[in-house]
$ cat model_35.txt   # compact mmCIF, C-alpha atoms and all ligand atoms
# COMPACT_ATOMS: atom_id res chain seq x y z
CA MET A 1 -6.30 -0.91 -8.12
CA GLU A 2 -4.48 -3.76 -6.36
CA HIS A 3 -5.14 -5.43 -3.02
CA LEU A 4 -2.82 -7.49 -0.85
CA ILE A 5 -4.70 -10.40 0.69
CA ASP A 6 -2.21 -13.26 0.42
CA ILE A 7 1.59 -13.03 0.22
CA ALA A 8 1.50 -15.42 -2.77
CA GLN A 9 -0.05 -12.58 -4.84
CA LEU A 10 3.36 -10.89 -4.88
CA SER A 11 6.06 -12.26 -7.19
CA THR A 12 9.59 -12.54 -5.81
CA ASP A 13 10.51 -9.56 -8.04
CA GLU A 14 7.74 -7.51 -6.39
CA VAL A 15 8.84 -8.61 -2.88
CA ASP A 16 12.45 -7.74 -3.69
CA ALA A 17 11.34 -4.31 -5.01
CA LEU A 18 9.38 -3.64 -1.79
CA ILE A 19 12.45 -4.58 0.27
CA ARG A 20 14.62 -2.22 -1.83
CA LYS A 21 12.04 0.55 -1.41
CA ALA A 22 11.85 0.02 2.37
CA GLU A 23 15.64 0.16 2.58
CA ASP A 24 15.62 3.41 0.59
CA ILE A 25 12.99 4.85 2.95
CA ILE A 26 15.17 3.87 5.94
CA ALA A 27 18.18 5.59 4.33
CA ASN A 28 16.31 8.67 3.03
CA PRO A 29 13.19 9.33 5.16
CA ALA A 30 12.97 13.02 4.18
CA LYS A 31 12.50 12.06 0.51
CA TYR A 32 9.22 10.33 1.43
CA ALA A 33 7.96 12.61 4.23
CA ASP A 34 5.30 14.39 2.16
CA ILE A 35 4.48 11.91 -0.56
CA CYS A 36 1.03 10.89 0.82
CA ARG A 37 -0.17 14.40 1.61
CA GLY A 38 -3.96 14.45 1.09
CA LYS A 39 -4.24 10.64 1.21
CA THR A 40 -6.00 8.75 4.00
CA LEU A 41 -5.43 5.25 5.37
CA ALA A 42 -8.29 3.50 7.21
CA THR A 43 -7.30 0.89 9.80
CA LEU A 44 -10.28 -1.44 10.41
CA PHE A 45 -9.27 -3.77 13.22
CA PHE A 46 -11.93 -6.27 14.31
CA GLU A 47 -9.32 -8.10 16.42
CA PRO A 48 -6.71 -6.74 18.89
CA SER A 49 -3.33 -5.52 17.66
CA THR A 50 -0.46 -3.35 18.83
CA ARG A 51 2.24 -3.59 16.16
CA THR A 52 0.28 -4.05 12.97
CA ARG A 53 -2.24 -1.27 13.53
CA LEU A 54 0.19 1.22 15.02
CA SER A 55 2.90 0.50 12.44
CA PHE A 56 0.38 1.07 9.63
CA GLU A 57 -0.60 4.35 11.26
CA ALA A 58 3.04 5.36 11.89
CA ALA A 59 3.81 4.43 8.27
CA MET A 60 1.04 6.67 6.89
CA TYR A 61 2.01 9.57 9.17
CA GLY A 62 5.65 9.07 8.12
CA LEU A 63 4.54 9.52 4.50
CA GLY A 64 2.66 12.74 5.32
CA GLY A 65 -0.83 11.19 5.07
CA ASN A 66 -3.85 10.95 7.37
CA VAL A 67 -5.29 8.03 9.32
CA LEU A 68 -8.78 7.08 10.54
CA GLY A 69 -10.33 3.85 11.74
CA PHE A 70 -11.33 1.69 14.67
CA SER A 71 -9.41 -0.73 16.86
CA GLU A 72 -12.19 -3.09 17.97
CA ALA A 73 -15.34 -4.46 16.38
CA GLN A 74 -17.44 -3.30 19.35
CA SER A 75 -16.85 0.36 18.48
CA SER A 76 -17.99 -0.14 14.87
CA SER A 77 -21.40 -0.90 13.40
CA ALA A 78 -20.29 -4.52 12.98
CA SER A 79 -21.59 -4.81 16.56
CA LYS A 80 -25.07 -3.96 15.17
CA GLY A 81 -24.76 -6.64 12.47
CA GLU A 82 -23.30 -4.64 9.55
CA SER A 83 -21.55 -6.89 7.02
CA VAL A 84 -17.85 -6.71 6.11
CA SER A 85 -18.87 -5.80 2.53
CA ASP A 86 -21.03 -2.86 3.63
CA THR A 87 -18.28 -1.70 6.00
CA ALA A 88 -15.75 -1.79 3.14
CA LYS A 89 -18.09 0.11 0.77
CA THR A 90 -18.71 2.72 3.45
CA VAL A 91 -15.05 3.23 4.37
CA SER A 92 -14.14 3.52 0.66
CA CYS A 93 -16.05 6.84 0.78
CA TYR A 94 -13.64 8.20 3.42
CA ALA A 95 -10.25 6.64 2.71
CA ASP A 96 -7.83 5.96 -0.17
CA ILE A 97 -6.58 2.65 1.21
CA ILE A 98 -7.76 0.18 3.88
CA ALA A 99 -5.83 -2.13 6.24
CA MET A 100 -8.15 -4.73 7.79
CA ARG A 101 -7.64 -7.31 10.54
CA HIS A 102 -10.45 -9.78 11.21
CA PRO A 103 -10.79 -13.00 13.23
CA LYS A 104 -12.56 -14.74 10.32
CA GLU A 105 -10.43 -16.22 7.55
CA GLY A 106 -11.34 -14.60 4.23
CA ALA A 107 -12.92 -11.43 5.63
CA PRO A 108 -10.34 -9.07 4.03
CA LEU A 109 -10.86 -10.86 0.69
CA VAL A 110 -14.61 -10.25 0.99
CA ALA A 111 -13.87 -6.59 1.83
CA SER A 112 -11.60 -6.27 -1.22
CA MET A 113 -14.41 -7.43 -3.50
CA ALA A 114 -16.72 -4.69 -2.19
CA ALA A 115 -14.25 -1.83 -1.67
CA SER A 116 -13.43 0.76 -4.31
CA VAL A 117 -9.95 1.37 -2.81
CA PRO A 118 -7.03 -1.04 -2.18
CA VAL A 119 -7.48 -3.41 0.79
CA ILE A 120 -4.55 -4.87 2.74
CA ASN A 121 -5.04 -8.00 4.83
CA ALA A 122 -3.61 -7.13 8.26
CA GLY A 123 -4.24 -10.69 9.53
CA ASP A 124 -7.28 -12.94 9.05
CA GLY A 125 -7.83 -15.64 11.67
CA GLY A 126 -5.32 -18.48 11.41
CA HIS A 127 -4.95 -17.93 7.66
CA ASN A 128 -2.58 -15.23 6.49
CA HIS A 129 -0.67 -12.13 7.61
CA PRO A 130 1.13 -10.87 4.49
CA THR A 131 2.49 -7.61 5.92
CA GLN A 132 4.07 -9.52 8.82
CA THR A 133 5.72 -11.72 6.19
CA LEU A 134 7.07 -8.68 4.34
CA THR A 135 8.33 -7.44 7.74
CA ASP A 136 10.01 -10.81 8.37
CA LEU A 137 11.62 -10.85 4.92
CA LEU A 138 12.96 -7.31 5.34
CA THR A 139 14.30 -8.30 8.78
CA ILE A 140 16.05 -11.40 7.38
CA HIS A 141 17.50 -9.33 4.53
CA LYS A 142 18.75 -6.61 6.92
CA GLU A 143 20.15 -9.08 9.48
CA LYS A 144 21.59 -11.79 7.19
CA GLY A 145 22.15 -9.83 3.96
CA ARG A 146 20.32 -12.44 1.89
CA LEU A 147 17.05 -14.34 1.46
CA ASP A 148 18.59 -17.52 0.04
CA ASN A 149 20.95 -20.23 1.37
CA LEU A 150 19.31 -20.31 4.79
CA THR A 151 18.18 -22.95 7.28
CA ILE A 152 15.14 -21.60 9.12
CA GLY A 153 13.66 -23.16 12.23
CA PHE A 154 10.00 -22.41 12.96
CA CYS A 155 9.19 -23.12 16.62
CA GLY A 156 5.95 -23.19 18.62
CA ASP A 157 2.43 -23.07 17.26
CA LEU A 158 2.84 -24.05 13.63
CA LYS A 159 -0.80 -25.13 13.32
CA PHE A 160 -2.59 -21.84 13.96
CA GLY A 161 0.36 -19.48 13.39
CA ARG A 162 -0.66 -17.45 10.34
CA THR A 163 2.71 -15.67 10.33
CA VAL A 164 4.44 -19.04 9.98
CA HIS A 165 2.16 -20.11 7.12
CA SER A 166 2.77 -16.88 5.21
CA LEU A 167 6.55 -16.83 5.78
CA ILE A 168 7.01 -20.45 4.72
CA THR A 169 5.08 -19.65 1.52
CA ALA A 170 7.25 -16.61 0.77
CA ILE A 171 10.69 -17.95 1.70
CA SER A 172 10.13 -21.23 -0.19
CA ARG A 173 10.48 -19.28 -3.43
CA TYR A 174 14.14 -18.44 -2.72
CA LYS A 175 17.12 -20.70 -3.53
CA ASN A 176 18.58 -23.33 -1.18
CA ILE A 177 16.13 -22.89 1.69
CA ARG A 178 15.90 -25.60 4.33
CA VAL A 179 13.05 -25.60 6.85
CA VAL A 180 13.03 -27.20 10.32
CA LEU A 181 9.57 -27.47 11.92
CA ILE A 182 9.72 -27.59 15.73
CA SER A 183 6.40 -28.06 17.55
CA PRO A 184 4.43 -30.33 19.85
CA ASP A 185 2.56 -33.04 17.91
CA GLU A 186 -0.75 -31.20 18.48
CA LEU A 187 0.53 -27.98 16.88
CA LYS A 188 2.25 -29.34 13.76
CA LEU A 189 2.22 -27.44 10.48
CA PRO A 190 -1.00 -28.27 8.57
CA SER A 191 -0.54 -31.02 5.95
CA TYR A 192 -1.82 -28.80 3.15
CA ILE A 193 1.09 -26.38 3.64
CA LYS A 194 3.61 -29.23 3.67
CA LYS A 195 2.10 -30.59 0.47
CA ASP A 196 1.22 -27.41 -1.44
CA VAL A 197 4.24 -25.32 -0.44
CA LEU A 198 7.18 -27.36 0.87
CA GLN A 199 6.81 -30.51 -1.23
CA LYS A 200 5.62 -28.65 -4.32
CA ASN A 201 8.71 -26.39 -4.24
CA ASN A 202 11.08 -29.28 -3.40
CA ILE A 203 12.04 -27.63 -0.11
CA GLU A 204 14.02 -29.90 2.19
CA TYR A 205 12.28 -29.99 5.58
CA ALA A 206 12.43 -31.85 8.87
CA GLN A 207 9.95 -32.10 11.78
CA THR A 208 10.94 -32.46 15.41
CA THR A 209 9.74 -31.75 18.93
CA ASP A 210 13.31 -31.11 20.19
CA LEU A 211 14.47 -27.50 19.79
CA GLU A 212 17.89 -27.94 21.38
CA ALA A 213 18.77 -30.89 19.14
CA VAL A 214 18.38 -28.81 15.95
CA MET A 215 19.60 -25.46 17.32
CA PRO A 216 23.19 -25.77 15.91
CA GLU A 217 21.82 -26.14 12.34
CA LEU A 218 19.80 -22.93 12.29
CA ASP A 219 20.64 -19.62 10.59
CA ILE A 220 17.29 -18.22 11.73
CA LEU A 221 15.07 -19.24 14.63
CA TYR A 222 11.50 -17.99 14.18
CA MET A 223 9.76 -18.29 17.56
CA THR A 224 5.98 -18.07 17.89
CA ARG A 225 3.42 -17.73 20.64
CA VAL A 226 0.91 -20.47 21.42
CA GLN A 227 -2.23 -18.46 20.70
CA ARG A 228 -4.89 -18.78 23.39
CA GLU A 229 -7.48 -17.13 21.11
CA ARG A 230 -7.27 -19.96 18.53
CA PHE A 231 -8.00 -22.79 21.00
CA PHE A 232 -11.50 -24.18 21.53
CA ASN A 233 -10.43 -25.85 24.75
CA GLU A 234 -8.67 -23.99 27.63
CA GLU A 235 -7.22 -27.26 28.97
CA ASP A 236 -5.34 -27.88 25.72
CA TYR A 237 -4.03 -24.32 25.72
CA LEU A 238 -2.74 -24.60 29.30
CA ARG A 239 -1.06 -27.94 28.53
CA LEU A 240 0.71 -26.63 25.42
CA LYS A 241 1.39 -22.95 26.15
CA ASP A 242 4.86 -23.42 27.65
CA SER A 243 6.05 -26.14 25.26
CA TYR A 244 9.06 -24.03 24.24
CA ILE A 245 10.70 -21.34 26.34
CA LEU A 246 13.91 -20.01 24.81
CA THR A 247 16.52 -19.40 27.52
CA LYS A 248 20.23 -18.48 27.48
CA GLU A 249 21.06 -22.11 28.27
CA LYS A 250 19.08 -23.38 25.28
CA LEU A 251 20.90 -20.89 23.04
CA SER A 252 24.31 -22.28 24.00
CA GLY A 253 24.40 -24.59 20.98
CA ALA A 254 23.29 -21.91 18.48
CA LYS A 255 25.46 -20.32 15.79
CA SER A 256 27.06 -17.05 16.89
CA ASP A 257 25.24 -15.21 14.07
CA MET A 258 21.87 -16.97 14.26
CA ALA A 259 19.03 -14.44 14.03
CA ILE A 260 16.13 -14.85 16.48
CA LEU A 261 12.86 -13.51 15.07
CA HIS A 262 9.41 -13.41 16.67
CA PRO A 263 6.35 -11.64 15.19
CA LEU A 264 5.36 -10.68 18.79
CA PRO A 265 3.48 -10.33 21.07
CA ARG A 266 5.66 -12.52 23.27
CA VAL A 267 4.08 -14.13 26.30
CA ASN A 268 6.52 -16.60 27.83
CA GLU A 269 8.33 -18.23 24.92
CA ILE A 270 11.48 -16.07 24.93
CA SER A 271 13.16 -15.24 28.23
CA VAL A 272 13.60 -11.46 28.62
CA ALA A 273 17.27 -12.21 29.48
CA ILE A 274 17.77 -12.88 25.75
CA ASP A 275 16.63 -9.40 24.70
CA GLU A 276 20.16 -7.99 25.14
CA ASP A 277 21.73 -10.75 23.02
CA PRO A 278 22.77 -9.30 19.62
CA ARG A 279 21.07 -12.28 17.98
CA ALA A 280 17.69 -11.12 19.33
CA CYS A 281 16.19 -9.27 16.34
CA TYR A 282 12.53 -9.08 17.35
CA PHE A 283 12.41 -5.44 18.40
CA ARG A 284 14.39 -4.38 15.32
CA GLN A 285 11.82 -6.48 13.40
CA VAL A 286 9.05 -4.28 14.89
CA LEU A 287 10.74 -1.17 13.47
CA TYR A 288 11.28 -2.76 10.05
CA GLY A 289 7.51 -3.41 10.00
CA LYS A 290 6.85 0.31 9.75
CA PHE A 291 9.21 0.80 6.80
CA ILE A 292 7.95 -2.15 4.76
CA ARG A 293 4.36 -0.96 5.29
CA MET A 294 5.40 2.49 4.03
CA ALA A 295 6.76 0.82 0.90
CA LEU A 296 3.56 -1.22 0.46
CA ILE A 297 1.26 1.80 0.86
CA LEU A 298 3.25 3.62 -1.86
CA LYS A 299 3.03 0.62 -4.19
CA LEU A 300 -0.73 0.16 -3.75
CA LEU A 301 -1.39 3.90 -4.14
CA GLY A 302 0.87 4.01 -7.21
CA LEU A 303 3.08 6.74 -5.73
CA GLU A 304 6.79 7.22 -6.51
CA ALA A 305 9.22 9.48 -4.68
N1 LIG B 401 2.84 -9.24 14.89
C1 LIG B 401 1.60 -8.79 15.07
O1 LIG B 401 0.71 -9.02 14.25
O2 LIG B 401 1.41 -8.09 16.23
P1 LIG B 401 0.04 -7.41 16.67
O3 LIG B 401 -0.95 -8.53 16.91
O4 LIG B 401 0.36 -6.64 17.90
O5 LIG B 401 -0.42 -6.55 15.53
$ encode --input "model_35.txt" --output "structure tokens" --more "lines below"
Ligand code: CP
Amino acid sequence: MEHLIDIAQLSTDEVDALIRKAEDIIANPAKYADICRGKTLATLFFEPSTRTRLSFEAAMYGLGGNVLGFSEAQSSSASKGESVSDTAKTVSCYADIIAMRHPKEGAPLVASMAASVPVINAGDGGHNHPTQTLTDLLTIHKEKGRLDNLTIGFCGDLKFGRTVHSLITAISRYKNIRVVLISPDELKLPSYIKKDVLQKNNIEYAQTTDLEAVMPELDILYMTRVQRERFFNEEDYLRLKDSYILTKEKLSGAKSDMAILHPLPRVNEISVAIDEDPRACYFRQVLYGKFIRMALILKLLGLEA
């Protein structure tokens, strides 16, 4: 049995195989429509979600399987004080695979040590969100046709943004990647990621507060939300929340084929006027999330079409 807790657990060969599998599922959905018959996915979400939970559920239904679970801690026995380990042991009696989101960093890892079925981290606090990263990689591959030779700008909350941390880790393993970090000083990428990922892999990177100045260099612009739920202080959130709002005017200096990604939800950081721009990939990215999760479920259950 395997779990997926951190994107770094997957080799680039394994990531590339998942992308190939997802692309085959997109091309041949009927081939996979019954492959999980009799299998059950449990979605244990201790923190709110729209895309991750529903795309996992859509993925399992698309494979012919069943789904059970809960979408908030309050409706589970966690509200009575049950531990993550006991929850994981219990759910292992009902399901063949578990997807867990939790506000505490490390909770899905704890669950994986207690569960007797594969556990997938569906986002743990400000730490990691590996299936969003697989979604982002599939999106980049579909939109740009490659995962190497890219300059990627990460913009917004780079401090708490778990999707940013995971994607930087994954993309740094490909050739000729350049990273541009665009954030207010208070929301800079944590030093440990610069040291352990960017510097360790000899990735060229730059830091700036000025999005428009670097826009012409970017092949991909990865926008993020300033996350209210990660702030201890409402005043700081209100001061920083609108640091970057992508508008048509700000896009004027961008490459004609730059891809705009966003893990969503969006609050205010991308003007809705941009949604019709062919460079806006974020709703296609949502759809790719279902297909890559189908591929991951098959891998962790050891099922082949
Ligand atoms: N991208 C993402 O994790 O979205 P949700 O919070 O809606 O699952």
$ closest_residue --input "model_35.txt" --among "A:Ala22, A:Leu287, A:Ala59, A:Leu264" --to "ligand LIG 401 (chain B)" --atoms "all atoms listed in the file"
A:Leu264
$ atom_distance --input "model_35.txt" --atom1 "CA of Gln285 in chain A" --atom2 "CA of Tyr61 in chain A"
19.3 Å
$ atom_distance --input "model_35.txt" --atom1 "CA of Asp185 in chain A" --atom2 "CA of Ala170 in chain A"
24.2 Å
$ closest_residue --input "model_35.txt" --among "A:Ser83, A:Gln227, A:Thr131, A:Asn28" --to "Tyr288 in chain A" --atoms "all atoms listed in the file"
A:Thr131
$ closest_residue --input "model_35.txt" --among "A:Asp6, A:Glu82, A:Glu143, A:Glu304" --to "Ala122 in chain A" --atoms "only C-alpha atoms"
A:Asp6
$ residues_near_ligand --input "model_35.txt" --ligand "ligand LIG 401 (chain B)" --cutoff "6 Å" --atoms "only C-alpha atoms and all ligand atoms" --output "PyMOL selection string"
chain A and resi 49-53+263-265
$ residues_around --input "model_35.txt" --residues "Gly106 in chain A" --least-positions-apart "3" --cutoff "7 Å" --atoms "all atoms listed in the file" --output "list in words"
Leu109, Val110 and Asp124 of chain A
$ residues_around --input "model_35.txt" --residues "range 216-219 of chain A" --least-positions-apart "3" --cutoff "8 Å" --atoms "only C-alpha atoms" --output "list in words"
Leu150, Thr151, Ile152, Gly153, Glu212, Ala213, Gly253, Ala254, Lys255, Asp257, Met258 and Ala259 of chain A
$ closest_residue --input "model_35.txt" --among "A:Asn202, A:Arg239, A:Ser116, A:Gly126" --to "Asn176 in chain A" --atoms "all atoms listed in the file"
A:Asn202
$ residues_around --input "model_35.txt" --residues "Leu68 in chain A" --least-positions-apart "6" --cutoff "7 Å" --atoms "only C-alpha atoms" --output "list in words"
Leu41, Ala42 and Thr43 of chain A
$ closest_residue --input "model_35.txt" --among "A:Val272, A:Leu167, A:Met215, A:Cys155" --to "Lys188 in chain A" --atoms "all atoms listed in the file"
A:Cys155
$ closest_residue --input "model_35.txt" --among "A:Tyr205, A:Phe45, A:Tyr94, A:Tyr32" --to "Met60 in chain A" --atoms "only C-alpha atoms"
A:Tyr32
$ residues_around --input "model_35.txt" --residues "Lys194 in chain A" --least-positions-apart "6" --cutoff "10 Å" --atoms "only C-alpha atoms" --output "PDB file with C-alpha atoms, keeping the file's coordinate frame"
ATOM      1  CA  HIS A 165       2.160 -20.110   7.120  1.00  0.00           C
ATOM      2  CA  ILE A 168       7.010 -20.450   4.720  1.00  0.00           C
ATOM      3  CA  THR A 169       5.080 -19.650   1.520  1.00  0.00           C
ATOM      4  CA  LYS A 200       5.620 -28.650  -4.320  1.00  0.00           C
ATOM      5  CA  ASN A 201       8.710 -26.390  -4.240  1.00  0.00           C
ATOM      6  CA  ILE A 203      12.040 -27.630  -0.110  1.00  0.00           C
ATOM      7  CA  TYR A 205      12.280 -29.990   5.580  1.00  0.00           C
TER       8      TYR A 205
END
$ atom_distance --input "model_35.txt" --atom1 "CA of Glu23 in chain A" --atom2 "CA of Leu134 in chain A"
12.4 Å
$ residues_around --input "model_35.txt" --residues "Lys290 in chain A" --least-positions-apart "4" --cutoff "8 Å" --atoms "only C-alpha atoms" --output "list in words"
Ser55, Phe56, Ala58, Ala59, Val286 and Met294 of chain A
$ write_last_selection --input "model_35.txt" --atoms "C-alpha atoms" --output "PDB file, keeping the file's coordinate frame"
ATOM      1  CA  SER A  55       2.900   0.500  12.440  1.00  0.00           C
ATOM      2  CA  PHE A  56       0.380   1.070   9.630  1.00  0.00           C
ATOM      3  CA  ALA A  58       3.040   5.360  11.890  1.00  0.00           C
ATOM      4  CA  ALA A  59       3.810   4.430   8.270  1.00  0.00           C
ATOM      5  CA  VAL A 286       9.050  -4.280  14.890  1.00  0.00           C
ATOM      6  CA  MET A 294       5.400   2.490   4.030  1.00  0.00           C
TER       7      MET A 294
END
$ build_atoms --input "model_35.txt" --residues "range 133-151 of chain A" --atoms "N, CA, C and O atoms" --output "PDB file, in the coordinates of the input"
ATOM      1  N   THR A 133       4.733 -10.976   7.002  1.00  0.00           N
ATOM      2  CA  THR A 133       5.720 -11.720   6.190  1.00  0.00           C
ATOM      3  C   THR A 133       6.683 -10.766   5.506  1.00  0.00           C
ATOM      4  O   THR A 133       7.890 -11.014   5.463  1.00  0.00           O
ATOM      5  N   LEU A 134       6.170  -9.671   4.959  1.00  0.00           N
ATOM      6  CA  LEU A 134       7.070  -8.680   4.340  1.00  0.00           C
ATOM      7  C   LEU A 134       8.022  -8.126   5.406  1.00  0.00           C
ATOM      8  O   LEU A 134       9.210  -7.925   5.134  1.00  0.00           O
ATOM      9  N   THR A 135       7.494  -7.896   6.622  1.00  0.00           N
ATOM     10  CA  THR A 135       8.330  -7.440   7.740  1.00  0.00           C
ATOM     11  C   THR A 135       9.429  -8.468   8.023  1.00  0.00           C
ATOM     12  O   THR A 135      10.610  -8.116   8.193  1.00  0.00           O
ATOM     13  N   ASP A 136       9.048  -9.737   8.065  1.00  0.00           N
ATOM     14  CA  ASP A 136      10.010 -10.810   8.370  1.00  0.00           C
ATOM     15  C   ASP A 136      11.078 -10.894   7.274  1.00  0.00           C
ATOM     16  O   ASP A 136      12.264 -11.071   7.570  1.00  0.00           O
ATOM     17  N   LEU A 137      10.654 -10.758   6.024  1.00  0.00           N
ATOM     18  CA  LEU A 137      11.620 -10.850   4.920  1.00  0.00           C
ATOM     19  C   LEU A 137      12.596  -9.669   4.957  1.00  0.00           C
ATOM     20  O   LEU A 137      13.798  -9.846   4.746  1.00  0.00           O
ATOM     21  N   LEU A 138      12.068  -8.466   5.226  1.00  0.00           N
ATOM     22  CA  LEU A 138      12.960  -7.310   5.340  1.00  0.00           C
ATOM     23  C   LEU A 138      13.941  -7.516   6.505  1.00  0.00           C
ATOM     24  O   LEU A 138      15.136  -7.217   6.386  1.00  0.00           O
ATOM     25  N   THR A 139      13.439  -8.047   7.617  1.00  0.00           N
ATOM     26  CA  THR A 139      14.300  -8.300   8.780  1.00  0.00           C
ATOM     27  C   THR A 139      15.408  -9.293   8.424  1.00  0.00           C
ATOM     28  O   THR A 139      16.588  -9.070   8.740  1.00  0.00           O
ATOM     29  N   ILE A 140      15.043 -10.383   7.766  1.00  0.00           N
ATOM     30  CA  ILE A 140      16.050 -11.400   7.380  1.00  0.00           C
ATOM     31  C   ILE A 140      17.075 -10.763   6.450  1.00  0.00           C
ATOM     32  O   ILE A 140      18.281 -10.957   6.598  1.00  0.00           O
ATOM     33  N   HIS A 141      16.591  -9.962   5.482  1.00  0.00           N
ATOM     34  CA  HIS A 141      17.500  -9.330   4.530  1.00  0.00           C
ATOM     35  C   HIS A 141      18.448  -8.362   5.250  1.00  0.00           C
ATOM     36  O   HIS A 141      19.656  -8.333   4.982  1.00  0.00           O
ATOM     37  N   LYS A 142      17.912  -7.576   6.187  1.00  0.00           N
ATOM     38  CA  LYS A 142      18.750  -6.610   6.920  1.00  0.00           C
ATOM     39  C   LYS A 142      19.750  -7.332   7.841  1.00  0.00           C
ATOM     40  O   LYS A 142      20.884  -6.907   7.980  1.00  0.00           O
ATOM     41  N   GLU A 143      19.305  -8.410   8.472  1.00  0.00           N
ATOM     42  CA  GLU A 143      20.150  -9.080   9.480  1.00  0.00           C
ATOM     43  C   GLU A 143      21.147 -10.045   8.854  1.00  0.00           C
ATOM     44  O   GLU A 143      22.253 -10.196   9.348  1.00  0.00           O
ATOM     45  N   LYS A 144      20.730 -10.746   7.773  1.00  0.00           N
ATOM     46  CA  LYS A 144      21.590 -11.790   7.190  1.00  0.00           C
ATOM     47  C   LYS A 144      22.166 -11.365   5.843  1.00  0.00           C
ATOM     48  O   LYS A 144      23.044 -12.057   5.317  1.00  0.00           O
ATOM     49  N   GLY A 145      21.631 -10.304   5.250  1.00  0.00           N
ATOM     50  CA  GLY A 145      22.150  -9.830   3.960  1.00  0.00           C
ATOM     51  C   GLY A 145      21.704 -10.658   2.778  1.00  0.00           C
ATOM     52  O   GLY A 145      22.194 -10.474   1.661  1.00  0.00           O
ATOM     53  N   ARG A 146      20.782 -11.600   2.993  1.00  0.00           N
ATOM     54  CA  ARG A 146      20.320 -12.440   1.890  1.00  0.00           C
ATOM     55  C   ARG A 146      18.985 -13.089   2.256  1.00  0.00           C
ATOM     56  O   ARG A 146      18.625 -13.138   3.445  1.00  0.00           O
ATOM     57  N   LEU A 147      18.285 -13.586   1.225  1.00  0.00           N
ATOM     58  CA  LEU A 147      17.050 -14.340   1.460  1.00  0.00           C
ATOM     59  C   LEU A 147      17.183 -15.769   0.948  1.00  0.00           C
ATOM     60  O   LEU A 147      16.196 -16.500   0.919  1.00  0.00           O
ATOM     61  N   ASP A 148      18.382 -16.140   0.511  1.00  0.00           N
ATOM     62  CA  ASP A 148      18.590 -17.520   0.040  1.00  0.00           C
ATOM     63  C   ASP A 148      19.680 -18.183   0.882  1.00  0.00           C
ATOM     64  O   ASP A 148      20.260 -17.544   1.767  1.00  0.00           O
ATOM     65  N   ASN A 149      19.909 -19.484   0.637  1.00  0.00           N
ATOM     66  CA  ASN A 149      20.950 -20.230   1.370  1.00  0.00           C
ATOM     67  C   ASN A 149      20.790 -20.101   2.888  1.00  0.00           C
ATOM     68  O   ASN A 149      21.710 -19.689   3.585  1.00  0.00           O
ATOM     69  N   LEU A 150      19.601 -20.443   3.358  1.00  0.00           N
ATOM     70  CA  LEU A 150      19.310 -20.310   4.790  1.00  0.00           C
ATOM     71  C   LEU A 150      18.614 -21.563   5.329  1.00  0.00           C
ATOM     72  O   LEU A 150      17.763 -22.153   4.634  1.00  0.00           O
ATOM     73  N   THR A 151      18.960 -21.935   6.555  1.00  0.00           N
ATOM     74  CA  THR A 151      18.180 -22.950   7.280  1.00  0.00           C
ATOM     75  C   THR A 151      17.371 -22.219   8.342  1.00  0.00           C
ATOM     76  O   THR A 151      17.928 -21.530   9.208  1.00  0.00           O
TER      77      THR A 151
END
